[in-house]
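Enquirer: Pasting a structure here, questions to come.
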Amino acid sequence: LFRSDDVVAAMNYATSATPIGAIPAQVHVESAAVTLFTAAEPANVAALAPAEREVAQRLGGRARAEFLRGRAALKACLGPLGLSTDTTALRMPHRNLSLTHAATVAVAAYTAGAQVLGVGVDFEPHGPIAGRLARFFLTERELPSRIDEPQHGDQLLRLWTVKEALFKATHDNEQFTVLDYECHDVWNWQGSASLLPRPDVLFRYVTMGLLGGYLSVAVALAPPPV
């Protein structure tokens, strides 16, 4: 995953608790219905599978809390689907599942369908990104004019979540970076994007402003049959 240290440092992660009810249970992205499972409380360590407990025990502080909250969101997703809730068997990125955790919330996303090639979700609490950092994740065509104007900072954070969601929606993303994705209209809160090396794959995304930040959900779709 391509993440500039400067970009990450520029994000001001919120720490206050916010009602989870603001996150919808489902969002439609083009033809894909994406179900969202949200966790505010960390998973109980005693309820974890042995391999999950080993990971939790190696972590400390915020990393441990975020890991456990992520396990809670994934287990809430996997259980109703009749799948094993031992998350150590999961490999991300996954064609039908995605996970994000930041601040005091974790969100797992699930979708399925013959046309679905991947799903991605990303949440970031408010913390404007300096305009000079935009070049780390926006292409030349995406960069807004007068990028250093203060009002662009918050929108850049929204676009970061879009790029992260698009990246996660690619099941073999190890060969790409967020700069390989290009939104067709960066100012739209829902729209389409392209993976430049794979113009045949259809990418769609939706962004929502909630919980004092931005949540973006993206799907990769196979081209419709001729």
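Just remember, in the structure tokens the first chain shown is A, the second B, etc., residues are 1-based per chain, and ligands are 1-based in the order shown.
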Stretch 195-198 of chain A: which residues within 7 Å, counting only C-alpha atoms, same-chain residues fewer than 4 positions away excluded, as a PDB file with N, CA, C and O atoms, in the first residue's frame?
Expert:
ATOM      1  N   ASP A 180      -2.163   5.069  -9.680  1.00  0.00           N
ATOM      2  CA  ASP A 180      -2.614   4.347 -10.871  1.00  0.00           C
ATOM      3  C   ASP A 180      -4.124   4.471 -11.071  1.00  0.00           C
ATOM      4  O   ASP A 180      -4.643   4.005 -12.089  1.00  0.00           O
ATOM      5  N   TYR A 181      -4.809   5.080 -10.114  1.00  0.00           N
ATOM      6  CA  TYR A 181      -6.263   5.254 -10.206  1.00  0.00           C
ATOM      7  C   TYR A 181      -6.570   6.718 -10.484  1.00  0.00           C
ATOM      8  O   TYR A 181      -5.934   7.613  -9.925  1.00  0.00           O
ATOM      9  N   GLU A 182      -7.552   6.935 -11.342  1.00  0.00           N
ATOM     10  CA  GLU A 182      -7.913   8.315 -11.692  1.00  0.00           C
ATOM     11  C   GLU A 182      -9.423   8.482 -11.677  1.00  0.00           C
ATOM     12  O   GLU A 182     -10.149   7.767 -12.378  1.00  0.00           O
TER      13      GLU A 182
END
Enquirer: Skip A:Val162 itself and residues of its chain fewer than 2 positions away, then list as a list of chain:residue names all residues within 9 Å of it, counting only C-alpha atoms.
Expert: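 The residues satisfying every condition are A:Val121, A:Asp122, A:Leu157, A:Arg158, A:Leu159, A:Trp160, A:Glu164, A:Ala165, A:Leu166, A:Phe167, A:Cys183, A:Tyr205, A:Val206, A:Thr207, A:Leu215, A:Ser216, A:Val217, A:Ala218.
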Enquirer: Taking 6 positions as the minimum chain separation for residues in the same chain, which residues sit within 6 Å of A:Ala73 when counting only C-alpha atoms? Answer as number ranges by chain.
Expert: A: 37-39, 107-108
Enquirer: What residues in stretch 97-226 of chain A get the DSSP label strand (DSSP E or B)? Please answer as a PyMOL selection string.
Expert: chain A and resi 97-102+105-110+116-125+181-183+190-195+198-210+213-221
Enquirer: Between A:Glu140, A:Tyr214, A:Ala46, A:Leu99, which residue has the minimum interatomic distance to A:Lys168, considering only C-alpha atoms?
Expert: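 Closest candidate: A:Leu99.
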Enquirer: Could you give me, as a list of chain:residue names, the residues within 9 Å of A:Thr87, counting only C-alpha atoms and dropping anything in the same chain fewer than 5 positions from it?
Expert: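 My reading of the contact set: A:Ala49, A:Ala51, A:Glu52, A:Arg71, A:Leu74, A:Lys75, A:Leu78.
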Enquirer: Take the residues that were just selected and, keeping C-alpha atoms, output them as a CSV table (one decimal), in the first residue's frame.
Expert:
chain,number,residue,atom,x,y,z
A,49,ALA,CA,-9.3,-17.6,17.7
A,51,ALA,CA,-4.0,-17.0,16.0
A,52,GLU,CA,-6.0,-13.8,16.4
A,71,ARG,CA,-11.9,-8.1,14.3
A,74,LEU,CA,-15.3,-8.6,10.5
A,75,LYS,CA,-16.8,-11.1,12.8
A,78,LEU,CA,-18.8,-13.1,8.6
Enquirer: To one decimal in Å, tell me the separation between atom CA of A:Arg204 and atom CA of A:Leu90.
Expert: 24.1 Å
Enquirer: To one decimal place, how far is atom CA of A:Gln155 from atom CA of A:Trp187 in Å?
Expert: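 Computing the Euclidean distance for atom CA of A:Gln155 and atom CA of A:Trp187 yields 8.2 Å.
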